[in-house]
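Structure file start.txt with compact mmCIF, C-alpha atoms:
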```txt
# COMPACT_ATOMS: atom_id res chain seq x y z
CA MET A 273 0.00 0.00 0.00
CA ASP A 274 1.20 3.49 -0.69
CA ALA A 275 1.05 6.39 1.76
CA ALA A 276 -1.98 8.02 0.10
CA SER A 277 -3.93 4.76 0.27
CA ASP A 278 -2.95 4.28 3.93
CA ARG A 279 -4.17 7.80 4.79
CA GLY A 280 -7.46 7.19 2.99
CA ASP A 281 -7.99 3.94 4.87
CA LEU A 282 -7.29 5.66 8.20
CA LEU A 283 -9.73 8.46 7.41
CA ALA A 284 -12.39 5.92 6.42
CA GLY A 285 -11.81 4.18 9.77
CA GLY A 286 -12.70 7.40 11.56
CA ASP A 287 -15.94 7.61 9.62
CA LEU A 288 -16.79 4.02 10.58
CA LEU A 289 -16.32 4.77 14.28
CA ARG A 290 -18.65 7.76 14.01
CA GLN A 291 -21.28 5.59 12.32
CA ALA A 292 -20.93 2.68 14.74
CA ALA A 293 -23.74 3.65 17.10
CA ALA A 294 -26.24 3.72 14.24
CA ALA A 295 -24.90 0.50 12.74
CA TYR A 296 -25.07 -1.30 16.08
CA ALA A 297 -28.57 0.07 16.80
CA ARG A 298 -27.72 0.63 20.45
CA THR A 299 -26.26 3.45 22.45
CA LEU A 300 -22.51 3.17 22.80
CA GLY A 301 -20.69 4.32 25.90
CA PRO A 302 -17.11 5.45 26.45
CA GLU A 303 -15.82 1.89 26.97
CA ASP A 304 -17.50 0.72 23.75
CA TYR A 305 -15.76 3.50 21.83
CA TRP A 306 -12.46 2.59 23.50
CA TRP A 307 -12.87 -0.99 22.29
CA LEU A 308 -13.77 0.26 18.81
CA GLY A 309 -10.60 2.39 18.72
CA VAL A 310 -8.49 -0.58 19.81
CA GLY A 311 -10.29 -2.73 17.23
CA LEU A 312 -9.63 -0.22 14.45
CA ALA A 313 -5.92 -0.17 15.32
CA ALA A 314 -5.82 -3.99 15.47
CA SER A 315 -7.66 -4.35 12.15
CA THR A 316 -5.32 -1.89 10.47
CA LEU A 317 -2.25 -3.68 11.84
CA ALA A 318 -3.62 -7.04 10.65
CA ASP A 319 -4.24 -5.57 7.20
CA LEU A 320 -0.78 -3.99 7.02
CA GLN A 321 0.81 -7.28 8.12
CA GLU A 322 -1.31 -9.10 5.50
CA LYS A 323 -2.77 -11.41 8.14
CA GLU A 324 -6.15 -11.91 6.53
CA TYR A 325 -7.39 -14.53 9.01
CA ALA A 326 -6.64 -12.27 11.98
CA LEU A 327 -8.30 -9.36 10.17
CA ARG A 328 -11.49 -11.37 9.60
CA ARG A 329 -11.55 -12.60 13.22
CA ILE A 330 -11.10 -9.08 14.56
CA GLN A 331 -13.88 -7.81 12.31
CA GLN A 332 -16.16 -10.62 13.53
CA LEU A 333 -15.35 -9.75 17.13
CA MET A 334 -16.08 -6.07 16.48
CA ASP A 335 -19.45 -7.06 15.01
CA ARG A 336 -20.13 -9.18 18.09
CA LEU A 337 -19.13 -6.23 20.30
CA GLY A 338 -21.84 -4.20 18.59
CA ARG A 339 -24.49 -6.77 19.30
CA THR A 340 -23.66 -8.00 22.80
CA GLY A 341 -20.76 -5.97 24.17
CA VAL A 342 -17.84 -7.73 25.82
CA GLU A 343 -19.91 -10.55 27.32
CA GLY A 344 -18.81 -14.18 27.61
CA ASP A 345 -15.49 -15.10 26.06
CA TRP A 346 -15.21 -11.95 23.92
CA PHE A 347 -12.17 -10.55 25.74
CA GLU A 348 -10.27 -13.85 25.64
CA ARG A 349 -10.91 -14.23 21.91
CA PHE A 350 -9.87 -10.65 21.22
CA LEU A 351 -6.71 -11.14 23.27
CA VAL A 352 -5.81 -14.21 21.16
CA GLU A 353 -6.08 -12.14 17.99
CA LEU A 354 -3.95 -9.35 19.47
CA ALA A 355 -1.34 -11.90 20.52
CA ALA A 356 -1.27 -13.26 16.95
CA LEU A 357 -0.40 -9.75 15.78
CA ASP A 358 2.06 -9.17 18.65
CA ALA A 359 -0.18 -6.22 19.49
CA GLU A 360 -1.31 -6.79 23.07
CA GLY A 361 0.08 -3.33 23.86
CA LEU A 362 -3.06 -1.91 22.22
CA LEU A 363 -4.84 -2.65 25.50
CA TRP A 364 -2.58 -0.29 27.47
CA PRO A 365 -3.24 1.70 29.69
CA ARG A 366 -6.31 -0.33 30.73
CA TYR A 367 -4.67 -3.77 30.80
CA GLU A 368 -1.17 -5.11 31.41
CA ARG A 369 0.56 -8.40 32.06
CA ASP A 370 0.89 -9.47 35.69
CA PRO A 371 3.98 -11.33 36.98
CA ASP A 372 2.36 -14.64 35.99
CA GLY A 373 1.91 -13.45 32.40
CA GLU A 374 -1.87 -13.01 32.63
CA MET A 375 -3.51 -9.93 31.13
CA VAL A 376 -5.17 -8.03 33.99
CA PRO A 377 -6.99 -4.71 34.35
CA THR A 378 -4.84 -1.82 35.57
CA GLY A 379 -7.73 0.08 37.13
CA VAL A 380 -7.50 2.93 34.60
CA ALA A 381 -11.04 3.96 33.72
CA VAL A 382 -12.09 5.30 30.34
CA ASN A 383 -12.84 9.01 30.53
CA PRO A 384 -16.63 9.57 30.52
CA ALA A 385 -16.28 11.89 27.50
CA PHE A 386 -14.51 9.23 25.38
CA ASP A 387 -16.39 9.12 22.08
CA ALA A 388 -15.97 8.10 18.45
CA GLU A 389 -13.39 10.79 17.74
CA SER A 390 -11.43 9.78 20.84
CA GLY A 391 -11.45 6.17 19.64
CA TYR A 392 -10.27 7.23 16.20
CA ILE A 393 -7.39 9.33 17.54
CA LEU A 394 -6.52 6.50 19.96
CA ALA A 395 -6.28 4.09 17.01
CA LEU A 396 -4.09 6.54 15.11
CA ALA A 397 -1.82 6.99 18.14
CA HIS A 398 -1.36 3.22 18.44
CA LEU A 399 -0.55 3.04 14.74
CA ALA A 400 1.93 5.90 15.12
CA ILE A 401 3.70 3.93 17.85
CA ALA A 402 3.79 0.82 15.64
CA ARG A 403 5.24 2.90 12.84
CA ALA A 404 7.87 4.45 15.12
CA VAL A 405 8.90 1.00 16.39
CA ASN A 406 9.10 -0.39 12.85
CA GLU A 407 11.22 2.58 11.77
CA GLY A 408 13.51 2.30 14.81
CA ASP A 409 12.40 5.69 16.14
CA GLY A 410 12.36 4.86 19.84
CA GLU A 411 12.30 8.53 20.85
CA ALA A 412 8.82 8.92 19.35
CA VAL A 413 7.29 6.13 21.43
CA ALA A 414 7.25 7.67 24.94
CA PRO A 415 5.42 10.91 23.99
CA LEU A 416 2.84 8.95 21.99
CA ALA A 417 2.34 6.47 24.84
CA GLU A 418 1.85 9.39 27.21
CA ALA A 419 -0.73 10.86 24.83
CA ILE A 420 -2.56 7.53 24.72
CA GLY A 421 -2.72 7.41 28.50
CA GLN A 422 -4.07 10.95 28.62
CA ILE A 423 -6.64 10.37 25.87
CA VAL A 424 -8.01 7.30 27.64
CA ALA A 425 -7.99 8.54 31.23
CA GLU A 426 -8.26 12.33 30.96
CA GLY A 427 -9.92 12.94 27.61
CA LEU A 428 -8.99 13.96 24.09
CA ARG A 429 -7.48 17.43 23.70
CA PRO A 430 -6.60 19.39 20.54
CA GLU A 431 -2.88 18.92 21.13
CA HIS A 432 -3.37 15.13 21.02
CA ARG A 433 -4.92 15.38 17.56
CA ALA A 434 -2.04 17.52 16.31
CA GLN A 435 0.63 15.29 17.89
CA VAL A 436 -0.78 12.08 16.45
CA ARG A 437 -1.43 13.49 13.00
CA ALA A 438 2.09 14.93 12.89
CA ALA A 439 3.53 11.54 13.89
CA LEU A 440 1.66 9.92 11.01
CA GLU A 441 2.24 12.87 8.69
CA ILE A 442 -1.49 13.08 8.01
CA GLY A 443 -1.64 16.87 8.17
CA VAL A 444 -4.49 18.96 9.44
CA GLN A 445 -7.32 17.56 7.30
CA GLU A 446 -10.39 16.48 9.22
CA PRO A 447 -11.58 12.89 8.86
```
Give the structure from the file, written as structure tokens.
Amino acid sequence: MDAASDRGDLLAGGDLLRQAAAAYARTLGPEDYWWLGVGLAASTLADLQEKEYALRRIQQLMDRLGRTGVEGDWFERFLVELAALDAEGLLWPRYERDPDGEMVPTGVAVNPAFDAESGYILALAHLAIARAVNEGDGEAVAPLAEAIGQIVAEGLRPEHRAQVRAALEIGVQEP
């Protein structure tokens, strides 16, 4: 994929998050939008890594999220798909590995104002970190990780949008 195609796909992802509540025919809360942002990042990573099976499974899980939320074995199945992509870090700052290697909640709550745009910018921030890691730009990771923590726990601010878009070289265009 070329850069223009990647940018178009990312912008389309933002539109999908904004349309999710209507598509799911239920009211979505902050945690639902957080999961959708994580799912968008995971789907994009699966697509970029050309892991079609993982991409389909993640999409199926996102559809199930829309119908029933994170009930039953949803989290465990989603975690398996993230592990297949080596992308369990997408769950940070809300989940981390304990000393026994189990994924456990950190106690970080999703900000009550977290919405579709927050989920979209969260997904972009995760993708910016993946890009920085792939390009060997370790200095870019810490500020982006800090932004992710702030977006999730404190809420999306204009400087987060600018920081993430600059990291991905998207520019100032609105999705």
Distance query Ala439 (chain A) at most 9 Å, all atoms listed in the file, self and fewer than 2 positions along chain excluded, as an MDAnalysis selection string: chainID A and resid 397 400:401 403:404 412 416 434:437 441:442
Within 12 Å of Tyr325 (chain A) using all atoms listed in the file, minus same-chain residues under 4 positions, as number ranges by chain: A: 315, 318-319, 321, 329-332, 353, 356-357
Of the listed residues A:Glu431, A:Glu426, A:Asp409, A:Glu418, that which approaches Asn383 (chain A) most closely, counting only C-alpha atoms: A:Glu426
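For the set A:Gly391, A:Thr378, A:Gln291, A:Glu322, the residue with the smallest atom-to-atom gap to Trp307 (chain A) is A:Gly391, counting all atoms listed in the file.
If only C-alpha atoms are the atoms counted, then among A:Arg298, A:Lys323, A:Arg433, A:Arg328 the closest residue to Gly311 (chain A) is A:Arg328.
Between CA of Ala402 (chain A) and CA of Leu440 (chain A) there is a distance of 10.4 Å.
Of the listed residues A:Ala326, A:Leu337, A:Ile423, A:Ala438, the one whose atoms come nearest to Arg366 (chain A) is A:Ile423, with distances taken using only C-alpha atoms.
Separating CA of Thr340 (chain A) from CA of Val382 (chain A) is a distance of 19.2 Å.
Take CA of Gly410 (chain A) and CA of Leu362 (chain A): the distance between them is 17.0 Å.
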All residues 9 Å or closer to Asp304 (chain A), all atoms listed in the file, same chain fewer than 6 positions away omitted, as a count of residues only: 5
Nearest residue to Glu374 (chain A) from the set A:Ile393, A:Leu351, A:Val405, A:Asp358 (distances using only C-alpha atoms): A:Leu351
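Of the listed residues A:Ala359, A:Ala381, A:Val413, A:Leu394, the one whose atoms come nearest to Leu308 (chain A) is A:Leu394, with distances taken using only C-alpha atoms.
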For Phe350 (chain A): contacts at 8 Å, all atoms listed in the file, fewer than 4 positions along chain excluded, given as a PyMOL selection string: chain A and resi 330+333+346+354
